[in-house]
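Okay, data-v2.cif is below, mmCIF, C-alpha atoms:
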data_entry
#
loop_
_atom_site.label_atom_id
_atom_site.label_comp_id
_atom_site.auth_asym_id
_atom_site.auth_seq_id
_atom_site.Cartn_x
_atom_site.Cartn_y
_atom_site.Cartn_z
CA MET A 18 -64.58 38.87 -3.68
CA THR A 19 -63.36 41.91 -5.58
CA THR A 20 -63.78 42.18 -9.33
CA ASN A 21 -60.08 41.44 -9.84
CA GLU A 22 -60.38 38.32 -7.70
CA LEU A 23 -63.40 37.16 -9.68
CA LYS A 24 -61.54 37.69 -12.94
CA GLU A 25 -58.59 35.74 -11.61
CA LEU A 26 -60.89 32.91 -10.53
CA LEU A 27 -62.30 32.82 -14.05
CA ASP A 28 -58.80 32.73 -15.48
CA GLU A 29 -57.83 29.92 -13.14
CA PHE A 30 -60.76 27.90 -14.47
CA LEU A 31 -59.95 28.69 -18.11
CA ASN A 32 -56.30 27.82 -17.58
CA ARG A 33 -57.27 24.47 -16.05
CA TRP A 34 -60.01 23.65 -18.57
CA GLN A 35 -58.91 24.84 -21.98
CA ILE A 36 -60.96 23.38 -24.80
CA GLU A 37 -58.24 20.80 -25.51
CA ASP A 38 -58.57 19.56 -21.92
CA VAL A 39 -62.33 19.22 -22.34
CA GLU A 40 -61.96 17.40 -25.65
CA ASN A 41 -59.57 14.89 -24.07
CA MET A 42 -61.26 14.42 -20.69
CA THR A 43 -62.53 11.03 -19.52
CA LEU A 44 -65.78 10.34 -17.71
CA GLN A 45 -63.87 10.24 -14.41
CA GLU A 46 -62.37 13.65 -15.19
CA TYR A 47 -65.80 15.03 -16.05
CA VAL A 48 -67.64 13.89 -12.92
CA SER A 49 -66.54 11.61 -10.10
CA VAL A 50 -67.30 11.07 -6.42
CA GLY A 51 -64.49 12.38 -4.22
CA ASN A 52 -62.47 14.04 -6.99
CA LYS A 53 -62.34 17.81 -6.51
CA ASP A 54 -60.55 18.43 -9.80
CA THR A 55 -63.29 17.27 -12.17
CA PHE A 56 -64.82 19.58 -14.74
CA CYS A 57 -68.17 19.52 -12.93
CA GLN A 58 -66.55 20.29 -9.57
CA TRP A 59 -64.91 23.33 -11.10
CA VAL A 60 -68.13 24.51 -12.72
CA GLU A 61 -70.35 24.03 -9.68
CA THR A 62 -68.13 24.41 -6.61
CA LYS A 63 -64.76 25.99 -7.34
CA THR A 64 -66.29 28.80 -9.40
CA ARG A 65 -69.38 29.29 -7.23
CA MET A 66 -68.54 32.98 -6.78
CA LEU A 67 -68.99 33.35 -10.54
CA GLY A 68 -72.64 32.43 -10.11
CA SER A 69 -74.20 29.61 -8.14
CA ILE A 70 -75.88 26.59 -9.78
CA LYS A 71 -76.79 25.08 -6.44
CA GLY A 72 -80.34 23.82 -6.01
CA MET A 73 -80.63 20.92 -8.45
CA THR A 74 -79.38 17.33 -8.21
CA SER A 75 -76.26 16.20 -10.05
CA ILE A 76 -78.41 15.14 -13.01
CA LYS A 77 -77.84 18.70 -14.21
CA PHE A 78 -74.46 17.42 -15.49
CA GLY A 79 -76.23 15.01 -17.85
CA ILE A 80 -74.53 12.05 -16.17
CA TYR A 81 -73.16 11.59 -12.65
CA GLU A 82 -71.69 9.00 -10.33
CA ARG A 83 -73.94 8.16 -7.37
CA LYS A 84 -72.51 8.48 -3.87
CA ASP A 85 -74.60 5.48 -2.88
CA PRO A 86 -74.56 3.03 -5.82
CA ASN A 87 -77.66 1.30 -4.43
CA LYS A 88 -79.86 4.40 -4.63
CA LYS A 89 -81.03 4.48 -8.24
CA PRO A 90 -83.35 7.39 -9.11
CA LYS A 91 -86.51 6.30 -10.90
CA ASN A 92 -86.73 9.17 -13.38
CA TYR A 93 -83.36 8.50 -15.02
CA ASP A 94 -81.49 5.58 -16.54
CA ASN A 95 -78.97 3.86 -14.29
CA ASP A 96 -76.30 1.22 -14.17
CA ASN A 97 -74.56 -0.09 -11.06
CA ARG A 98 -72.64 3.19 -10.62
CA TYR A 99 -73.93 6.03 -12.80
CA SER A 100 -77.25 7.78 -13.50
CA TRP A 101 -78.00 9.84 -16.60
CA LEU A 102 -80.61 11.63 -18.69
CA ARG A 103 -82.36 9.13 -20.94
CA ALA A 104 -82.09 11.36 -24.02
CA TYR A 105 -78.31 10.91 -24.03
CA GLY A 106 -78.14 7.16 -24.63
CA LYS A 107 -78.35 3.63 -23.26
CA ASN A 108 -75.03 3.12 -21.47
CA LYS A 109 -72.53 5.31 -19.61
CA ASN A 110 -69.92 5.40 -22.41
CA GLU A 111 -72.40 6.42 -25.09
CA VAL A 112 -74.00 8.94 -22.74
CA PHE A 113 -70.72 10.53 -21.72
CA GLU A 114 -69.56 10.96 -25.31
CA ASN A 115 -72.85 12.67 -26.18
CA VAL A 116 -72.72 14.87 -23.06
CA LYS A 117 -69.11 15.84 -23.80
CA LYS A 118 -70.04 16.67 -27.38
CA ASP A 119 -72.71 19.05 -26.09
CA VAL A 120 -70.34 20.65 -23.57
CA ILE A 121 -67.79 21.26 -26.33
CA GLU A 122 -70.52 22.73 -28.53
CA ILE A 123 -71.54 25.10 -25.72
CA ILE A 124 -67.93 26.21 -25.33
CA LYS A 125 -67.48 26.91 -29.05
CA LEU A 126 -70.80 28.73 -29.36
CA SER A 127 -70.00 30.83 -26.29
CA GLU A 128 -66.60 31.84 -27.59
CA LYS A 129 -68.26 33.02 -30.81
CA GLY A 130 -71.10 34.77 -28.99
CA GLN A 131 -73.76 32.59 -30.68
CA PHE A 132 -75.78 32.18 -27.50
CA ASP A 133 -79.17 31.64 -29.17
CA LYS A 134 -77.99 28.23 -30.40
CA ILE A 135 -77.34 27.07 -26.82
CA ASP A 136 -81.04 27.05 -25.90
CA ASP A 137 -81.73 23.85 -27.85
CA ILE A 138 -78.93 21.80 -26.26
CA ILE A 139 -80.35 19.07 -24.02
CA LEU A 140 -78.29 19.75 -20.89
CA PRO A 141 -80.28 21.46 -18.10
CA ASP A 142 -80.27 25.27 -18.19
CA LEU A 143 -78.62 25.74 -14.82
CA PHE A 144 -75.47 23.87 -15.83
CA LYS A 145 -75.21 24.73 -19.50
CA TRP A 146 -75.55 28.48 -18.97
CA LYS A 147 -72.90 28.42 -16.24
CA VAL A 148 -70.57 26.70 -18.71
CA ALA A 149 -71.57 29.24 -21.34
CA PHE A 150 -70.69 32.15 -19.06
CA LEU A 151 -67.30 30.69 -18.17
CA TYR A 152 -66.30 30.60 -21.86
CA SER A 153 -68.17 33.71 -23.03
CA ASN A 154 -65.41 36.28 -22.42
CA GLU A 155 -67.78 37.87 -19.87
CA ARG A 156 -70.45 38.43 -22.53
CA LEU A 157 -73.19 36.99 -20.32
CA ILE A 158 -74.46 38.01 -16.90
CA PRO A 159 -73.62 35.26 -14.35
CA ILE A 160 -77.15 34.64 -13.09
CA TYR A 161 -78.63 31.25 -13.93
CA LYS A 162 -81.74 30.60 -11.81
CA ARG A 163 -84.87 30.79 -13.94
CA ASP A 164 -87.12 32.47 -11.36
CA VAL A 165 -84.63 35.30 -10.89
CA LEU A 166 -83.98 35.63 -14.63
CA PHE A 167 -87.70 35.89 -15.36
CA LEU A 168 -88.13 38.66 -12.77
CA ILE A 169 -85.25 40.56 -14.36
CA ALA A 170 -86.68 40.04 -17.85
CA GLU A 171 -90.08 41.43 -16.81
CA HIS A 172 -88.36 44.43 -15.23
CA PHE A 173 -86.67 45.25 -18.54
CA GLY A 174 -89.93 44.89 -20.46
CA LEU A 175 -89.58 41.38 -21.88
CA LYS A 176 -92.88 39.52 -21.61
CA THR A 177 -92.13 35.97 -20.50
CA ASN A 178 -93.86 32.62 -20.65
CA ARG A 179 -92.81 28.98 -20.52
CA GLN A 180 -91.35 29.25 -24.01
CA THR A 181 -89.13 32.24 -23.23
CA LYS A 182 -85.50 31.33 -23.94
CA ILE A 183 -82.64 32.06 -21.57
CA SER A 184 -80.62 33.53 -24.44
CA GLU A 185 -83.37 36.15 -24.93
CA ILE A 186 -83.18 37.15 -21.27
CA GLN A 187 -79.39 37.29 -21.37
CA GLU A 188 -79.56 39.52 -24.45
CA VAL A 189 -81.95 41.89 -22.67
CA MET A 190 -79.69 42.05 -19.61
CA ILE A 191 -76.60 42.75 -21.72
CA LEU A 192 -78.40 45.49 -23.67
CA ASN A 193 -79.32 47.15 -20.37
CA LYS A 194 -75.88 46.82 -18.75
CA PRO A 195 -74.44 50.32 -18.29
CA SER A 196 -71.23 50.72 -20.27
CA ASN A 197 -69.35 51.79 -17.13
CA GLN A 198 -70.26 48.60 -15.25
CA ASN A 199 -68.62 45.20 -15.57
CA VAL A 200 -70.76 42.06 -15.57
CA TYR A 201 -69.97 41.32 -11.91
CA ASP A 202 -71.13 44.71 -10.62
CA PHE A 203 -74.24 44.45 -12.78
CA MET A 204 -74.89 40.93 -11.49
CA ARG A 205 -74.71 42.19 -7.89
CA GLU A 206 -77.05 45.06 -8.65
CA LEU A 207 -79.60 42.76 -10.30
CA TYR A 208 -79.42 40.14 -7.59
CA ASP A 209 -79.79 42.77 -4.87
CA ARG A 210 -83.07 43.76 -6.52
CA PHE A 211 -84.47 40.46 -7.74
CA GLY A 212 -82.65 37.60 -6.00
CA ARG A 213 -83.91 35.84 -2.91
CA ASP A 214 -82.26 37.12 0.26
CA ASN A 215 -81.08 33.71 1.42
CA GLU A 216 -79.18 33.14 -1.85
CA LYS A 217 -77.36 36.45 -2.16
CA ASP A 218 -74.24 35.54 -0.22
CA VAL A 219 -73.80 32.34 -2.22
CA ILE A 220 -74.25 34.01 -5.57
CA THR A 221 -72.75 37.45 -5.16
CA GLY A 222 -70.56 37.16 -2.10
CA LYS A 223 -70.66 39.61 0.78
CA ALA A 224 -70.38 43.17 -0.44
CA GLU A 225 -67.54 45.24 0.91
CA LYS A 226 -68.89 47.21 3.84
CA GLY A 227 -69.64 50.80 2.96
CA ARG A 228 -68.32 50.50 -0.57
CA ARG A 229 -71.49 50.13 -2.62
CA THR A 230 -75.02 51.48 -2.50
CA LYS A 231 -78.09 49.42 -3.36
CA LYS A 232 -78.08 50.89 -6.86
CA GLY A 233 -74.57 49.62 -7.47
CA LYS A 234 -72.87 53.03 -7.47
CA ARG A 235 -69.35 53.12 -6.16
CA LYS A 236 -68.72 55.48 -3.25
CA GLY A 237 -65.66 57.66 -2.94
CA THR A 238 -62.93 57.16 -0.37
CA THR A 239 -60.29 59.29 1.30
CA LYS A 240 -57.77 56.46 1.59
CA ARG A 241 -55.81 54.66 -1.09
CA ASN A 242 -55.10 50.93 -1.02
CA THR A 243 -51.32 50.73 -1.44
CA LYS A 244 -51.01 46.96 -1.06
CA THR A 245 -49.32 45.16 -3.94
CA HIS A 246 -51.82 43.26 -6.05
CA ILE A 247 -50.46 40.01 -7.43
CA ARG A 248 -52.05 39.00 -10.72
CA THR A 249 -52.20 35.40 -11.89
CA VAL A 250 -50.13 34.34 -14.86
CA SER A 251 -53.10 32.80 -16.64
CA ARG A 252 -54.91 36.07 -17.32
CA SER A 253 -52.11 37.58 -19.37
CA TYR A 254 -51.80 34.30 -21.30
CA ILE A 255 -55.53 34.12 -22.07
CA VAL A 256 -55.75 37.79 -23.06
CA GLU A 257 -52.69 37.45 -25.29
CA GLN A 258 -54.10 34.43 -27.10
CA LYS A 259 -57.40 36.22 -27.75
CA HIS A 260 -55.56 39.37 -28.85
CA ASN A 261 -53.40 37.42 -31.30
CA LYS A 262 -56.43 35.73 -32.87
CA ILE A 263 -58.19 39.07 -33.40
CA GLN A 264 -55.02 40.66 -34.74
CA GLU A 265 -54.43 37.85 -37.24
CA ALA A 266 -58.07 37.92 -38.39
CA LEU A 267 -57.80 41.69 -38.90
CA ARG A 268 -54.53 41.32 -40.82
CA LYS A 269 -56.10 38.80 -43.20
CA LYS A 270 -59.14 40.98 -43.72
CA LEU A 271 -57.10 44.09 -44.54
CA ALA A 272 -54.58 42.19 -46.69
CA LYS A 273 -57.39 40.73 -48.77
CA LYS A 274 -58.81 44.18 -49.41
CA TYR A 275 -55.65 46.31 -49.69
CA GLY A 276 -52.84 43.84 -50.44
CA GLU A 277 -50.33 42.09 -48.16
CA GLU A 278 -47.63 44.68 -48.85
CA ASN A 279 -49.77 47.47 -47.36
CA VAL A 280 -50.46 45.81 -44.01
CA ILE A 281 -47.75 45.93 -41.32
CA LEU A 282 -47.83 44.31 -37.89
CA GLU A 283 -46.20 45.59 -34.71
CA GLU A 284 -44.32 48.52 -36.22
CA ASN A 285 -43.44 50.87 -33.34
CA TYR A 286 -45.89 48.97 -31.11
CA VAL A 287 -48.84 49.54 -33.46
CA ASP A 288 -50.89 46.33 -33.66
CA VAL A 289 -51.74 46.80 -37.32
CA LYS A 290 -50.77 49.64 -39.64
CA LEU A 291 -52.40 50.15 -43.03
CA ILE A 292 -50.47 52.14 -45.65
CA GLN A 293 -52.47 53.95 -48.33
CA PRO A 294 -51.44 56.71 -50.77
CA ASP A 295 -53.43 59.44 -49.03
CA TYR A 296 -53.62 58.17 -45.43
CA LEU A 297 -52.33 55.77 -42.77
CA GLY A 298 -54.63 53.56 -40.75
CA PHE A 299 -53.68 52.79 -37.13
CA TYR A 300 -55.47 49.79 -35.62
CA GLU A 301 -55.27 48.96 -31.92
CA VAL A 302 -56.61 45.53 -30.99
CA LYS A 303 -58.21 44.75 -27.63
CA SER A 304 -59.72 41.51 -26.37
CA SER A 305 -62.12 42.98 -23.81
CA SER A 306 -65.73 41.87 -23.62
CA TYR A 307 -67.44 45.04 -24.87
CA ALA A 308 -66.69 47.75 -27.40
CA SER A 309 -66.71 50.48 -24.74
CA GLU A 310 -64.08 48.59 -22.72
CA CYS A 311 -61.90 48.13 -25.80
CA ILE A 312 -62.14 51.84 -26.58
CA ARG A 313 -61.33 52.86 -23.02
CA GLU A 314 -58.22 50.67 -23.03
CA ALA A 315 -57.04 51.45 -26.56
CA LEU A 316 -57.70 55.08 -27.33
CA GLY A 317 -54.84 56.62 -25.35
CA GLN A 318 -52.35 54.15 -26.79
CA ILE A 319 -53.34 54.55 -30.40
CA LEU A 320 -53.39 58.34 -30.18
CA LEU A 321 -49.86 58.27 -28.76
CA TYR A 322 -48.63 55.96 -31.52
CA SER A 323 -50.11 58.12 -34.27
CA TYR A 324 -48.73 61.28 -32.64
CA HIS A 325 -45.17 59.92 -32.73
CA ASP A 326 -45.41 58.68 -36.32
CA GLN A 327 -43.38 61.01 -38.57
CA ASP A 328 -45.32 60.33 -41.76
CA LYS A 329 -47.19 63.45 -42.91
CA ARG A 330 -50.15 61.67 -44.42
CA LYS A 331 -53.55 61.86 -42.76
CA LYS A 332 -53.95 59.35 -39.96
CA LYS A 333 -57.12 57.34 -39.38
CA ILE A 334 -57.62 55.71 -36.00
CA TYR A 335 -59.41 52.43 -35.35
CA VAL A 336 -60.10 50.47 -32.19
CA VAL A 337 -60.72 46.79 -32.90
CA GLY A 338 -62.49 44.19 -30.78
CA GLN A 339 -64.18 40.85 -31.27
CA TYR A 340 -67.78 41.88 -30.65
CA PRO A 341 -70.07 44.44 -32.31
CA ALA A 342 -70.92 47.62 -30.43
CA ASN A 343 -74.31 47.61 -28.71
CA GLU A 344 -76.59 50.56 -27.99
CA GLN A 345 -74.73 51.49 -24.80
CA ASP A 346 -71.41 51.35 -26.67
CA TYR A 347 -72.67 53.56 -29.49
CA GLY A 348 -73.69 56.20 -26.97
CA TYR A 349 -70.18 56.19 -25.53
CA ILE A 350 -68.59 56.37 -29.00
CA GLU A 351 -70.70 59.36 -30.03
CA TYR A 352 -69.95 61.09 -26.73
CA ILE A 353 -66.20 60.76 -27.31
CA LYS A 354 -66.44 61.98 -30.88
CA GLU A 355 -68.49 64.99 -29.85
CA LYS A 356 -66.63 66.01 -26.70
CA LEU A 357 -63.11 65.39 -28.00
CA ASP A 358 -63.82 66.32 -31.62
CA LEU A 359 -62.07 63.08 -32.45
CA ASP A 360 -62.51 61.10 -35.65
CA PHE A 361 -62.10 57.42 -34.90
CA GLU A 362 -64.00 54.20 -35.59
CA TYR A 363 -64.68 51.03 -33.69
CA LEU A 364 -64.51 47.81 -35.70
CA ASN A 365 -65.40 44.29 -34.70
CA VAL A 366 -63.61 41.30 -36.19
CA GLU A 367 -64.99 37.80 -35.80
CA ILE A 368 -62.58 35.02 -34.94
CA GLU A 369 -62.81 31.24 -35.13
#
Before anything else, please render the file you have as structure tokens.
Amino acid sequence: MTTNELKELLDEFLNRWQIEDVENMTLQEYVSVGNKDTFCQWVETKTRMLGSIKGMTSIKFGIYERKDPNKKPKNYDNDNRYSWLRAYGKNKNEVFENVKKDVIEIIKLSEKGQFDKIDDIILPDLFKWKVAFLYSNERLIPIYKRDVLFLIAEHFGLKTNRQTKISEIQEVMILNKPSNQNVYDFMRELYDRFGRDNEKDVITGKAEKGRRTKKGKRKGTTKRNTKTHIRTVSRSYIVEQKHNKIQEALRKKLAKKYGEENVILEENYVDVKLIQPDYLGFYEVKSSSYASECIREALGQILLYSYHDQDKRKKKIYVVGQYPANEQDYGYIEYIKEKLDLDFEYLNVEIE
């Protein structure tokens, strides 16, 4: 699948399983034999191209319905229909409520980028980190198998042992992701180097013939794809919702510091405009996963808006995203400032 197709698959999942849907789901909607629209079916099967979690029994979901009710596994608690992890409770209703509570907690932590708090949640790593990726705004690398993750960690200089946390490995991978690569290209590159050969097609899909080298560098082409690309509706909806949350959080932050009367939204397409006696601040909000992506998307727009503004006061330019810049992002920011002799700042604004 192409990167656009992977993004659209992610959006399809997020559109189907918004947090309100998860909060209201029943046990049968969470996991059920023969139902292809359950939450667990979406996480494991329908989104397999966003990282496979194949290779463990259905106990990875915390609770599951047995295909054969008579086959009760010895290592787990069972009733006449379901099996579950003992740590979650004594009966299916209690267990499901506790499992759902943990799934919701994973979603909320992932949306905030607080991945270190996910390690202590009881659900098995394979499942909980797939859920975390799906709600992380592509702030994690979609590789979940521990043996592969530990090889990658060692490659990047992280000494591992049985106590090494998955969040630590994810942090190391993100810090080493080149700013010009998206998480899917980086995933393919890492899995080409450290994944088992017989799993590559399941996890990364078949690479386009002749389009990518082993190091993940994109080759040139003499032909242009002129086919119309149809985007799903859900992506624009999801991006807009995230954008609006960041914009509102920024507005509140600036209004608290400078006064409501000095903060203007959407004037001449500018997301947020700050009016001060000796300067104007132009803020362009982006919902992308990394500071460098936000800057790449925003800088041309905000420069154009400030150019057309007739006010003679000095203009300060800001690109705003949800997440702090990392080391790779800072390198990109300094490069732009130096090469373009451009004075701008990147700001991150946390949202609920």
Identify which of the residues A:Met42, A:Ala170, A:Ile138, A:Ile160 lies closest to Gly79 (chain A), counting only C-alpha atoms when measuring atom-to-atom distances.
A:Ile138
Name all residues at most 10 Å from Glu114 (chain A) (count all atoms listed in the file; drop same-chain ones fewer than 3 positions away) and give them as a ChimeraX atom specification.
/A:40,43-44,105-106,109-111,117-120
Point (-47.6, 58.8, -35.9), cut-off 12 Å, counting only C-alpha atoms, residues as an NGL selection string
:A and (284-287 or 290 or 296-300 or 318-334)
When you count all atoms listed in the file, which of these residues is closest to Ile124 (chain A): A:Leu364, A:Val48, A:Ile36, A:Cys57?
A:Ile36
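For the choices A:Leu291, A:Leu23, A:Val280, A:Leu31, the atom-to-atom distance to Gly68 (chain A) is smallest for A:Leu23 when using only C-alpha atoms.
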Between A:Val165, A:Ala149, A:Ile281, A:Met204, which residue has the minimum interatomic distance to Met66 (chain A), considering all atoms listed in the file?
A:Met204
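Here CA of Leu102 (chain A) and CA of Pro141 (chain A) stand 9.9 Å from one another.
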12 Å contact set for Leu166 (chain A), only C-alpha atoms, chain neighbours under 2 positions out, as a PDB file with C-alpha atoms, in the coordinates of the input:
ATOM      1  CA  ASP A 142     -80.270  25.270 -18.190  1.00  0.00           C
ATOM      2  CA  LEU A 143     -78.620  25.740 -14.820  1.00  0.00           C
ATOM      3  CA  TRP A 146     -75.550  28.480 -18.970  1.00  0.00           C
ATOM      4  CA  ILE A 158     -74.460  38.010 -16.900  1.00  0.00           C
ATOM      5  CA  PRO A 159     -73.620  35.260 -14.350  1.00  0.00           C
ATOM      6  CA  ILE A 160     -77.150  34.640 -13.090  1.00  0.00           C
ATOM      7  CA  TYR A 161     -78.630  31.250 -13.930  1.00  0.00           C
ATOM      8  CA  LYS A 162     -81.740  30.600 -11.810  1.00  0.00           C
ATOM      9  CA  ARG A 163     -84.870  30.790 -13.940  1.00  0.00           C
ATOM     10  CA  ASP A 164     -87.120  32.470 -11.360  1.00  0.00           C
ATOM     11  CA  LEU A 168     -88.130  38.660 -12.770  1.00  0.00           C
ATOM     12  CA  ILE A 169     -85.250  40.560 -14.360  1.00  0.00           C
ATOM     13  CA  ALA A 170     -86.680  40.040 -17.850  1.00  0.00           C
ATOM     14  CA  GLU A 171     -90.080  41.430 -16.810  1.00  0.00           C
ATOM     15  CA  HIS A 172     -88.360  44.430 -15.230  1.00  0.00           C
ATOM     16  CA  PHE A 173     -86.670  45.250 -18.540  1.00  0.00           C
ATOM     17  CA  LEU A 175     -89.580  41.380 -21.880  1.00  0.00           C
ATOM     18  CA  LYS A 176     -92.880  39.520 -21.610  1.00  0.00           C
ATOM     19  CA  THR A 177     -92.130  35.970 -20.500  1.00  0.00           C
ATOM     20  CA  ASN A 178     -93.860  32.620 -20.650  1.00  0.00           C
ATOM     21  CA  THR A 181     -89.130  32.240 -23.230  1.00  0.00           C
ATOM     22  CA  LYS A 182     -85.500  31.330 -23.940  1.00  0.00           C
ATOM     23  CA  ILE A 183     -82.640  32.060 -21.570  1.00  0.00           C
ATOM     24  CA  SER A 184     -80.620  33.530 -24.440  1.00  0.00           C
ATOM     25  CA  GLU A 185     -83.370  36.150 -24.930  1.00  0.00           C
ATOM     26  CA  ILE A 186     -83.180  37.150 -21.270  1.00  0.00           C
ATOM     27  CA  GLN A 187     -79.390  37.290 -21.370  1.00  0.00           C
ATOM     28  CA  GLU A 188     -79.560  39.520 -24.450  1.00  0.00           C
ATOM     29  CA  VAL A 189     -81.950  41.890 -22.670  1.00  0.00           C
ATOM     30  CA  MET A 190     -79.690  42.050 -19.610  1.00  0.00           C
ATOM     31  CA  MET A 204     -74.890  40.930 -11.490  1.00  0.00           C
ATOM     32  CA  LEU A 207     -79.600  42.760 -10.300  1.00  0.00           C
ATOM     33  CA  TYR A 208     -79.420  40.140  -7.590  1.00  0.00           C
ATOM     34  CA  ARG A 210     -83.070  43.760  -6.520  1.00  0.00           C
ATOM     35  CA  PHE A 211     -84.470  40.460  -7.740  1.00  0.00           C
ATOM     36  CA  GLY A 212     -82.650  37.600  -6.000  1.00  0.00           C
ATOM     37  CA  ARG A 213     -83.910  35.840  -2.910  1.00  0.00           C
TER      38      ARG A 213
END
Any chance you could work out the axis-aligned box around region 270-283 of chain A, listed atoms only, 6 Å on each side, giving centre and edge lengths in Å to one decimal, as JSON?
{"center_x": -52.7, "center_y": 44.1, "center_z": -42.6, "size_x": 24.9, "size_y": 18.7, "size_z": 27.7}
For this structure, which residues satisfy the selection - the PyMOL selection byres ((chain A and resi 64) around 10) - when it is evaluated on the file as given? I want them as a PyMOL selection string.
chain A and resi 23+26-27+29-30+58-63+65-70+147+151
Provide the CA of Arg179 (chain A) to CA of Leu126 (chain A) distance in Å, to one decimal place.
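A separation of 23.7 Å between them.
Residue nearest Glu37 (chain A) within the list A:Lys269, A:Lys89, A:Lys125, A:Lys71: A:Lys125 [criterion: smallest interatomic distance, all atoms listed in the file].
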Would you work out the distance separating CA of Tyr340 (chain A) from CA of Cys311 (chain A), expressed in Å to one decimal?
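CA of Cys311 (chain A) lies at a distance of 9.9 Å from CA of Tyr340 (chain A).
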Decode the PyMOL selection byres ((chain A and resi 96) around 12) for the given file into explicit residues and return them as a list in words.
Ile80, Tyr81, Glu82, Arg83, Pro86, Asn87, Lys88, Lys89, Pro90, Lys91, Tyr93, Asp94, Asn95, Asn97, Arg98, Tyr99, Ser100, Trp101, Lys107, Asn108, Lys109, Asn110 and Val112 of chain A
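Nearest to His260 (chain A) of all the residues A:Gly72, A:Gly338, A:Gly51, A:Gly174 is A:Gly338, based on only C-alpha atoms.
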Got a sec to resolve the PyMOL selection byres ((chain A and resi 303-306) around 10) on this structure and send the residues as a PyMOL selection string?
chain A and resi 153-157+199-200+255-264+288+300-302+307-315+336-340
